[in-house]
>>> print(open('data-v8.csv').read())   # CSV, C-alpha atoms
chain,number,residue,atom,x,y,z
A,1,MET,CA,-10.7,30.3,-25.9
A,2,VAL,CA,-7.6,28.4,-24.9
A,3,LYS,CA,-4.4,30.3,-24.5
A,4,SER,CA,-2.3,29.4,-27.5
A,5,ASP,CA,1.3,29.8,-28.6
A,6,PHE,CA,0.5,30.1,-32.3
A,7,GLY,CA,-2.1,31.7,-34.4
A,8,TYR,CA,-3.8,30.9,-37.6
A,9,ASN,CA,-5.8,33.4,-39.6
A,10,SER,CA,-6.9,31.8,-42.9
A,11,LYS,CA,-7.7,35.1,-44.5
A,12,ILE,CA,-4.2,36.3,-44.3
A,13,GLU,CA,-2.1,33.2,-44.3
A,14,GLY,CA,-4.1,30.9,-46.7
A,15,GLU,CA,-3.1,27.3,-46.0
A,16,VAL,CA,0.1,28.1,-44.2
A,17,ILE,CA,0.5,27.9,-40.5
A,18,VAL,CA,3.4,29.6,-38.9
A,19,THR,CA,4.5,28.4,-35.5
A,20,ARG,CA,7.4,27.3,-33.4
A,21,ALA,CA,8.4,23.6,-33.4
A,22,ASP,CA,8.2,23.5,-29.6
A,23,ALA,CA,4.7,24.9,-29.6
A,24,VAL,CA,3.3,22.4,-32.1
A,25,VAL,CA,5.1,19.4,-30.6
A,26,ASN,CA,3.9,20.4,-27.2
A,27,TRP,CA,0.3,21.0,-28.5
A,28,VAL,CA,0.3,17.5,-30.0
A,29,ARG,CA,1.7,15.9,-26.8
A,30,SER,CA,-0.6,17.7,-24.5
A,31,HIS,CA,-3.7,16.4,-26.4
A,32,SER,CA,-2.6,12.8,-26.6
A,33,VAL,CA,-1.5,12.0,-23.1
A,34,TRP,CA,-1.5,8.2,-22.7
A,35,PRO,CA,-1.9,7.5,-19.0
A,36,MET,CA,-0.6,4.5,-17.3
A,37,PRO,CA,-3.1,3.8,-14.4
A,38,MET,CA,-0.9,2.8,-11.5
A,39,GLY,CA,-3.9,1.9,-9.4
A,40,LEU,CA,-2.7,0.9,-5.9
A,41,ALA,CA,-5.7,1.7,-3.6
A,42,CYS,CA,-9.1,3.4,-3.5
A,43,CYS,CA,-7.9,6.4,-5.6
A,44,ALA,CA,-7.9,3.9,-8.5
A,45,ILE,CA,-11.7,3.7,-8.2
A,46,GLU,CA,-12.0,7.4,-8.7
A,47,LEU,CA,-9.6,7.1,-11.6
A,48,MET,CA,-11.9,4.5,-13.2
A,49,ALA,CA,-14.8,6.9,-12.6
A,50,ALA,CA,-12.9,9.6,-14.4
A,51,GLY,CA,-12.6,7.3,-17.3
A,52,GLY,CA,-16.3,6.4,-17.3
A,53,SER,CA,-19.1,8.1,-19.2
A,54,ARG,CA,-20.2,10.5,-16.4
A,55,PHE,CA,-16.9,12.3,-16.1
A,56,ASP,CA,-15.4,11.2,-19.4
A,57,ILE,CA,-11.7,11.9,-19.4
A,58,SER,CA,-11.6,11.6,-23.2
A,59,ARG,CA,-13.1,15.1,-23.5
A,60,PHE,CA,-9.6,16.3,-22.7
A,61,GLY,CA,-7.6,14.0,-24.9
A,62,MET,CA,-6.1,11.6,-22.4
A,63,GLU,CA,-8.4,8.6,-22.4
A,64,VAL,CA,-6.0,6.0,-23.9
A,65,MET,CA,-5.2,4.2,-20.7
A,66,ARG,CA,-2.4,1.7,-21.3
A,67,PHE,CA,-1.4,-1.0,-18.9
A,68,SER,CA,2.0,-1.4,-20.5
A,69,PRO,CA,4.5,1.2,-19.5
A,70,ARG,CA,6.1,1.0,-22.9
A,71,GLN,CA,3.0,2.5,-24.5
A,72,ALA,CA,2.3,5.1,-21.9
A,73,ASP,CA,3.8,8.5,-21.2
A,74,CYS,CA,2.0,9.7,-18.0
A,75,MET,CA,2.0,7.5,-14.8
A,76,ILE,CA,-1.0,8.3,-12.6
A,77,VAL,CA,0.1,7.0,-9.2
A,78,SER,CA,-3.3,6.5,-7.6
A,79,GLY,CA,-3.0,5.0,-4.2
A,80,THR,CA,-0.8,4.0,-1.3
A,81,VAL,CA,2.8,3.2,-2.2
A,82,THR,CA,4.2,0.6,0.2
A,83,TYR,CA,7.9,0.0,0.3
A,84,LYS,CA,7.4,-3.4,-1.3
A,85,MET,CA,5.5,-1.8,-4.2
A,86,ALA,CA,7.8,1.2,-4.5
A,87,GLU,CA,10.4,-0.9,-6.2
A,88,VAL,CA,7.8,-1.9,-8.8
A,89,VAL,CA,6.6,1.6,-9.3
A,90,ARG,CA,10.2,2.8,-10.0
A,91,ARG,CA,10.8,-0.1,-12.4
A,92,ILE,CA,7.7,0.7,-14.4
A,93,TYR,CA,8.6,4.3,-14.5
A,94,ASP,CA,12.0,3.4,-15.8
A,95,GLN,CA,10.4,1.3,-18.6
A,96,MET,CA,8.3,4.3,-19.8
A,97,ALA,CA,9.8,6.1,-22.8
A,98,GLU,CA,10.7,9.7,-22.7
A,99,PRO,CA,9.0,12.2,-22.6
A,100,LYS,CA,7.1,11.1,-19.5
A,101,TRP,CA,5.2,12.7,-16.6
A,102,VAL,CA,4.1,11.5,-13.2
A,103,VAL,CA,0.9,12.5,-11.5
A,104,ALA,CA,0.6,11.8,-7.7
A,105,MET,CA,-3.1,11.3,-7.2
A,106,GLY,CA,-4.4,11.7,-3.6
A,107,ALA,CA,-2.9,12.1,-0.2
A,108,CYS,CA,-1.1,8.7,-0.1
A,109,ALA,CA,0.8,9.1,-3.3
A,110,SER,CA,1.7,12.7,-2.5
A,111,SER,CA,2.8,12.3,1.1
A,112,GLY,CA,2.0,8.9,2.5
A,113,GLY,CA,-1.4,10.3,3.6
A,114,MET,CA,-2.8,8.8,6.8
A,115,TYR,CA,-0.4,5.8,6.6
A,116,ARG,CA,2.4,6.9,9.0
A,117,SER,CA,3.8,3.4,9.5
A,118,TYR,CA,6.7,1.1,8.9
A,119,ALA,CA,5.3,-0.2,5.6
A,120,THR,CA,4.4,2.9,3.7
A,121,LEU,CA,6.6,5.2,1.5
A,122,GLN,CA,6.0,8.7,2.6
A,123,GLY,CA,5.3,10.2,-0.8
A,124,VAL,CA,6.1,8.7,-4.2
A,125,ASP,CA,8.2,11.8,-5.0
A,126,ASN,CA,10.9,10.0,-2.9
A,127,ILE,CA,11.5,7.6,-5.8
A,128,VAL,CA,10.2,9.2,-9.0
A,129,PRO,CA,10.0,12.9,-10.1
A,130,VAL,CA,6.4,14.1,-9.7
A,131,ASP,CA,4.9,16.8,-12.0
A,132,ILE,CA,1.4,17.2,-10.5
A,133,TYR,CA,0.1,16.6,-7.0
A,134,ILE,CA,-3.6,16.2,-6.5
A,135,SER,CA,-5.0,16.6,-3.0
A,136,GLY,CA,-7.9,14.6,-1.7
A,137,CYS,CA,-8.5,11.3,0.0
A,138,PRO,CA,-9.5,10.1,-2.5
A,139,PRO,CA,-9.8,13.1,-4.9
A,140,ARG,CA,-13.1,13.4,-6.8
A,141,PRO,CA,-12.8,12.7,-10.6
A,142,GLU,CA,-13.2,16.4,-11.2
A,143,ALA,CA,-10.0,17.0,-9.2
A,144,LEU,CA,-8.2,14.4,-11.3
A,145,LEU,CA,-9.4,16.1,-14.5
A,146,ASP,CA,-8.3,19.4,-13.1
A,147,GLY,CA,-4.9,18.0,-12.3
A,148,MET,CA,-4.6,16.4,-15.7
A,149,MET,CA,-5.5,19.7,-17.4
A,150,LEU,CA,-2.8,21.4,-15.3
A,151,LEU,CA,-0.4,18.8,-16.6
A,152,GLN,CA,-1.5,19.6,-20.1
A,153,GLU,CA,-0.8,23.3,-19.4
A,154,LYS,CA,2.7,22.3,-18.1
A,155,ILE,CA,3.4,20.2,-21.2
A,156,ARG,CA,2.5,23.2,-23.4
A,157,GLN,CA,5.1,25.3,-21.6
A,158,GLU,CA,8.0,22.9,-21.9
A,159,GLY,CA,11.1,24.0,-23.7
A,160,GLY,CA,13.0,22.2,-26.5
A,161,SER,CA,14.6,19.7,-24.2
A,162,LEU,CA,13.0,18.2,-21.1
A,163,LYS,CA,14.7,19.8,-18.1
A,164,ARG,CA,13.7,17.5,-15.3
A,165,THR,CA,14.8,17.9,-11.8
A,166,PHE,CA,15.0,15.0,-9.4
A,167,ARG,CA,16.2,15.6,-5.8
A,168,GLY,CA,17.7,19.0,-6.8
A,169,ARG,CA,19.6,17.5,-9.7
A,170,THR,CA,18.7,18.5,-13.3
A,171,VAL,CA,18.3,15.6,-15.6
A,172,ASP,CA,18.6,16.9,-19.2
A,173,THR,CA,16.9,14.6,-21.7
A,174,LYS,CA,16.9,15.5,-25.4
A,175,ILE,CA,13.7,15.2,-27.3
A,176,VAL,CA,13.8,12.7,-30.2
A,177,SER,CA,11.9,14.5,-33.0
B,1,MET,CA,-20.2,-28.6,21.6
B,2,ASP,CA,-19.1,-31.3,23.9
B,3,VAL,CA,-16.7,-29.6,26.3
B,4,LEU,CA,-16.3,-32.6,28.5
B,5,ALA,CA,-15.3,-35.0,25.8
B,6,LEU,CA,-12.6,-32.5,24.6
B,7,THR,CA,-11.2,-31.9,28.1
B,8,GLN,CA,-11.2,-35.6,28.9
B,9,LYS,CA,-9.4,-36.5,25.7
B,10,PHE,CA,-6.9,-33.7,26.1
B,11,PRO,CA,-6.5,-33.2,29.9
B,12,GLN,CA,-4.1,-30.2,29.5
B,13,THR,CA,-6.8,-28.2,27.8
B,14,GLN,CA,-8.5,-25.5,30.0
B,15,ASN,CA,-11.9,-24.1,29.4
B,16,CYS,CA,-11.6,-20.3,29.7
B,17,ALA,CA,-14.3,-17.8,30.2
B,18,GLY,CA,-15.0,-16.5,26.7
B,19,GLN,CA,-17.3,-13.5,26.3
B,20,ASP,CA,-18.7,-14.5,22.9
B,21,MET,CA,-17.9,-18.1,22.3
B,22,THR,CA,-16.5,-21.3,24.0
B,23,THR,CA,-12.8,-20.7,24.5
B,24,PHE,CA,-10.0,-23.1,25.4
B,25,ALA,CA,-6.4,-22.6,26.3
B,26,VAL,CA,-4.6,-25.5,24.8
B,27,ASN,CA,-1.1,-27.0,25.0
B,28,SER,CA,0.7,-26.0,21.8
B,29,ALA,CA,2.1,-29.5,21.3
B,30,GLU,CA,-1.4,-30.8,21.1
B,31,LEU,CA,-2.8,-28.0,18.9
B,32,ALA,CA,-2.9,-29.9,15.6
B,33,ASP,CA,-4.4,-33.0,17.2
B,34,ILE,CA,-7.1,-30.9,18.9
B,35,VAL,CA,-8.0,-29.1,15.6
B,36,LYS,CA,-8.1,-32.5,13.8
B,37,TYR,CA,-10.3,-34.0,16.6
B,38,LEU,CA,-12.7,-31.0,16.6
B,39,ARG,CA,-13.0,-31.3,12.8
B,40,ASP,CA,-13.5,-35.1,12.6
B,41,GLU,CA,-15.4,-35.8,15.9
B,42,GLN,CA,-17.2,-32.6,16.8
B,43,GLY,CA,-18.0,-31.2,13.3
B,44,PHE,CA,-15.9,-28.0,13.4
B,45,ASP,CA,-15.3,-28.2,9.7
B,46,LEU,CA,-14.4,-24.6,8.9
B,47,LEU,CA,-11.4,-22.6,10.0
B,48,ALA,CA,-12.8,-19.1,10.4
B,49,ASP,CA,-9.6,-17.4,11.5
B,50,LEU,CA,-6.0,-18.0,12.6
B,51,CYS,CA,-3.9,-15.1,13.9
B,52,GLY,CA,-0.7,-14.5,15.8
B,53,MET,CA,-0.9,-12.7,19.2
B,54,ASP,CA,1.6,-10.8,21.3
B,55,TRP,CA,0.4,-10.9,24.9
B,56,LYS,CA,2.8,-8.3,26.2
B,57,ASP,CA,2.5,-9.2,29.8
B,58,ARG,CA,2.6,-13.0,29.5
B,59,THR,CA,5.4,-15.5,29.3
B,60,PRO,CA,5.8,-16.7,26.6
B,61,ASN,CA,4.3,-13.5,25.1
B,62,LEU,CA,3.7,-15.0,21.6
B,63,GLY,CA,0.8,-17.2,20.8
B,64,VAL,CA,-1.7,-18.3,18.2
B,65,VAL,CA,-5.5,-17.9,18.3
B,66,ILE,CA,-7.7,-20.1,16.1
B,67,HIS,CA,-11.5,-19.7,15.5
B,68,LEU,CA,-13.3,-22.7,14.2
B,69,LEU,CA,-16.9,-22.9,12.9
B,70,SER,CA,-19.2,-25.8,12.8
B,71,THR,CA,-21.4,-25.2,9.7
B,72,LYS,CA,-23.8,-27.9,10.9
B,73,LYS,CA,-24.3,-26.8,14.6
B,74,ARG,CA,-23.7,-23.1,13.7
B,75,GLU,CA,-21.3,-22.8,16.6
B,76,TYR,CA,-17.9,-21.2,17.0
B,77,VAL,CA,-15.0,-22.3,19.2
B,78,ARG,CA,-11.8,-20.4,20.0
B,79,LEU,CA,-8.5,-22.0,20.8
B,80,HIS,CA,-5.5,-20.2,22.4
B,81,ALA,CA,-2.0,-21.7,22.2
B,82,ALA,CA,1.1,-20.1,23.6
B,83,CYS,CA,4.2,-20.7,21.6
B,84,VAL,CA,7.2,-22.8,22.8
B,85,ASP,CA,10.4,-21.2,21.5
B,86,ASP,CA,8.3,-19.0,19.2
B,87,SER,CA,6.9,-22.0,17.4
B,88,VAL,CA,3.7,-24.0,17.2
B,89,PRO,CA,2.7,-26.9,14.9
B,90,THR,CA,1.0,-26.0,11.7
B,91,VAL,CA,-2.7,-26.8,11.1
B,92,SER,CA,-2.4,-26.2,7.3
B,93,ALA,CA,-2.4,-30.0,6.7
B,94,ILE,CA,-5.9,-30.2,8.4
B,95,HIS,CA,-7.4,-26.9,7.2
B,96,PRO,CA,-5.6,-25.9,3.9
B,97,GLY,CA,-7.0,-22.4,4.4
B,98,ALA,CA,-4.6,-21.9,7.3
B,99,ASN,CA,-1.6,-21.7,4.9
B,100,TRP,CA,-1.6,-18.0,4.2
B,101,HIS,CA,-2.9,-17.1,7.7
B,102,GLU,CA,0.1,-18.8,9.2
B,103,ARG,CA,2.4,-17.1,6.7
B,104,GLU,CA,1.0,-13.8,7.9
B,105,ALA,CA,1.4,-14.7,11.6
B,106,TYR,CA,5.0,-15.6,10.8
B,107,ASP,CA,5.6,-12.4,8.9
B,108,MET,CA,4.0,-10.1,11.5
B,109,PHE,CA,5.0,-11.9,14.7
B,110,GLY,CA,7.9,-14.2,13.9
B,111,ILE,CA,5.9,-17.3,14.9
B,112,LYS,CA,7.4,-20.4,13.3
B,113,PHE,CA,4.9,-23.0,12.2
B,114,ILE,CA,6.5,-26.4,12.4
B,115,GLY,CA,5.7,-28.5,9.3
B,116,HIS,CA,4.4,-25.6,7.2
B,117,PRO,CA,4.8,-26.3,3.5
B,118,ASP,CA,5.8,-22.8,2.5
B,119,PRO,CA,7.2,-20.8,5.4
B,120,ARG,CA,7.9,-17.5,3.6
B,121,ARG,CA,6.8,-14.0,4.4
B,122,ILE,CA,3.6,-12.9,2.8
B,123,LEU,CA,3.2,-9.1,3.3
B,124,MET,CA,6.7,-7.7,3.9
B,125,TRP,CA,9.5,-8.4,1.4
B,126,ASP,CA,11.7,-11.5,2.0
B,127,ALA,CA,14.8,-9.7,3.2
B,128,TYR,CA,12.9,-7.6,5.8
B,129,PRO,CA,14.6,-8.2,9.2
B,130,TYR,CA,11.8,-7.5,11.7
B,131,HIS,CA,8.4,-8.7,12.7
B,132,PRO,CA,6.4,-5.4,12.8
B,133,LEU,CA,3.3,-6.4,14.9
B,134,ARG,CA,5.3,-7.4,17.9
B,135,LYS,CA,4.7,-5.0,20.8
B,136,ASP,CA,8.3,-4.0,21.1
B,137,PHE,CA,8.4,-2.9,17.4
B,138,PRO,CA,7.7,0.9,17.0
B,139,LEU,CA,4.8,1.8,14.7
B,140,ALA,CA,7.0,4.3,12.8
B,141,GLY,CA,9.3,1.5,11.9
B,142,ILE,CA,13.1,1.0,12.0
B,143,GLU,CA,15.5,2.2,9.2
B,144,VAL,CA,16.5,-0.7,7.0
B,145,PRO,CA,17.9,-0.8,3.4
B,146,PHE,CA,15.4,-0.3,0.5
B,147,PRO,CA,14.1,-3.7,-0.9
B,148,ALA,CA,15.8,-3.3,-4.2
B,149,ALA,CA,19.5,-2.3,-4.2
B,150,ASP,CA,19.5,-0.9,-7.7
B,151,VAL,CA,16.5,1.4,-7.1
B,152,ALA,CA,18.1,2.5,-3.8
B,153,ALA,CA,21.3,3.4,-5.7
B,154,VAL,CA,19.4,5.7,-8.1
B,155,THR,CA,17.1,7.3,-5.6
B,156,GLY,CA,19.1,7.2,-2.4
B,157,GLN,CA,15.9,6.0,-0.6
B,158,THR,CA,15.9,3.8,2.5
B,159,VAL,CA,13.0,2.3,4.4
B,160,GLU,CA,12.9,5.1,7.0
B,161,PRO,CA,10.8,5.5,10.1
B,162,ALA,CA,7.6,7.4,9.5
B,163,PRO,CA,7.6,10.9,10.9
B,164,MET,CA,4.9,10.7,13.6
B,165,MET,CA,6.5,8.8,16.5
B,166,GLY,CA,3.8,9.8,18.9
B,167,GLY,CA,1.2,7.9,17.0
B,168,PRO,CA,-0.8,9.1,14.0
B,169,PHE,CA,-3.6,11.6,14.4
B,170,VAL,CA,-4.0,11.9,18.1
B,171,SER,CA,-5.6,14.9,19.8
B,172,SER,CA,-3.5,17.0,22.1
B,173,GLY,CA,-5.4,15.7,25.1
B,174,GLY,CA,-7.7,17.2,27.7
B,175,HIS,CA,-11.1,18.3,26.6
B,176,MET,CA,-12.1,17.8,23.0
B,177,SER,CA,-10.9,20.9,21.1
B,178,GLY,CA,-12.0,22.4,17.8
B,179,ALA,CA,-8.4,22.1,16.5
B,180,GLU,CA,-7.5,19.4,14.1
B,181,PRO,CA,-6.0,16.3,15.6
B,182,GLN,CA,-2.3,16.2,15.2
B,183,ALA,CA,0.6,13.9,16.0
B,184,LEU,CA,2.7,14.4,19.1
B,185,ASP,CA,5.8,14.3,17.1
B,186,GLN,CA,6.2,17.5,15.0
B,187,SER,CA,9.8,16.9,14.0
B,188,TRP,CA,8.7,17.5,10.4
B,189,ASN,CA,5.4,19.0,9.1
B,190,GLU,CA,4.1,21.5,6.7
B,191,GLU,CA,6.0,24.4,8.2
B,192,LYS,CA,9.2,22.5,8.9
B,193,PRO,CA,10.4,20.3,6.0
B,194,LYS,CA,12.2,17.0,6.5
B,195,SER,CA,15.9,17.7,6.9
>>> encode(input="data-v8.csv", output="structure tokens")
Amino acid sequence: MVKSDFGYNSKIEGEVIVTRADAVVNWVRSHSVWPMPMGLACCAIELMAAGGSRFDISRFGMEVMRFSPRQADCMIVSGTVTYKMAEVVRRIYDQMAEPKWVVAMGACASSGGMYRSYATLQGVDNIVPVDIYISGCPPRPEALLDGMMLLQEKIRQEGGSLKRTFRGRTVDTKIVS
Amino acid sequence: MDVLALTQKFPQTQNCAGQDMTTFAVNSAELADIVKYLRDEQGFDLLADLCGMDWKDRTPNLGVVIHLLSTKKREYVRLHAACVDDSVPTVSAIHPGANWHEREAYDMFGIKFIGHPDPRRILMWDAYPYHPLRKDFPLAGIEVPFPAADVAAVTGQTVEPAPMMGGPFVSSGGHMSGAEPQALDQSWNEEKPKS
């Protein structure tokens, strides 16, 4: 049984559900995450495997991969972010509509990974705010699913406005609802 | 291949001892002519590879190495050409496949290819000021501005040197230990965050 912020007992309440607006909005959001597959390296192969029939990301309500940032609300950065690509990653993030979340999949996106070199950004959290970090090089699809379920848990706990911190600064974005 | 015909036609060409294939050190001014001659007269019709080199202890230190393949004789030949004023003539008019290889050699080593139709960088962004595969360039990199000024203004990010100056993932030396390999430079790591 999933931990829930609202209850429904049909014997007592009939056809009326009583809940908080936050809870129901967050419940809807957490079960319709539209990921933007920012596939940059080998992690993207595991991301594709997670979308395939064996691991089947759609069991958790986030299978609608959208390659347009304007239709997506969760960027899965899967792979090595070079400085040349970092600019593009940030621009695509900016084009996504609020509310939006970022998952750093694998060692490279989280910290630069094994690429300690002149060309590689040492962690995508230097340019975009990251909600979930997934370890692994590359992570198995199960790890991605676990991270995405963690993200759903995080979405369910969000307040009425998105308090997002970036580099220690709180960015307050009102929900349009 | 006919070594004698090549060295007689281009007397400045030296036949070097190559471990795996016939190797010549050629005069860079004649490079394009030699590649064309080998293609038309000796059947080396495929450019297998072209790369820049930084021979640290030679003068000039920069050069170009070309591998040619004869698909008929099933034979390779290797040509070395040292740069003059960091430049060599392009072979992209003879083998169009050399185009992007030469752009990479320019990007990584700063070798100019005279007559190249599109002499831009291919891997690093256009405004990047260095040529990172030169031996005097540190692996960690040198701090330069972020490629996009507007993104840099929002994020405060620059292109900064990577944290492990001592080289990535080296062991601490001596006998092989059971400990995980680690970098010599520990200026920031898991216990000590980046300042």
>>> atom_distance(input="data-v8.csv", atom1="CA of Pro117 in chain B", atom2="CA of Pro89 in chain B")
11.6 Å
>>> atom_distance(input="data-v8.csv", atom1="CA of Tyr115 in chain A", atom2="CA of Leu150 in chain A")
27.0 Å
>>> atom_distance(input="data-v8.csv", atom1="CA of Gly136 in chain A", atom2="CA of Gly106 in chain A")
4.9 Å
>>> closest_residue(input="data-v8.csv", among="A:Tyr83, A:Tyr93, A:Tyr133, A:Trp101", to="chain B", atoms="all atoms listed in the file")
A:Tyr83
>>> interface_residues(input="data-v8.csv", of="chain B", to="chain A", cutoff="6 Å", atoms="all atoms listed in the file", output="ChimeraX atom specification")
/B:139-141,155,162
>>> residues_around(input="data-v8.csv", residues="Asn99 in chain B", least_positions_apart="4", cutoff="10 Å", atoms="all atoms listed in the file", output="PyMOL selection string")
chain B and resi 50+90-93+95+103-104+113+116-119
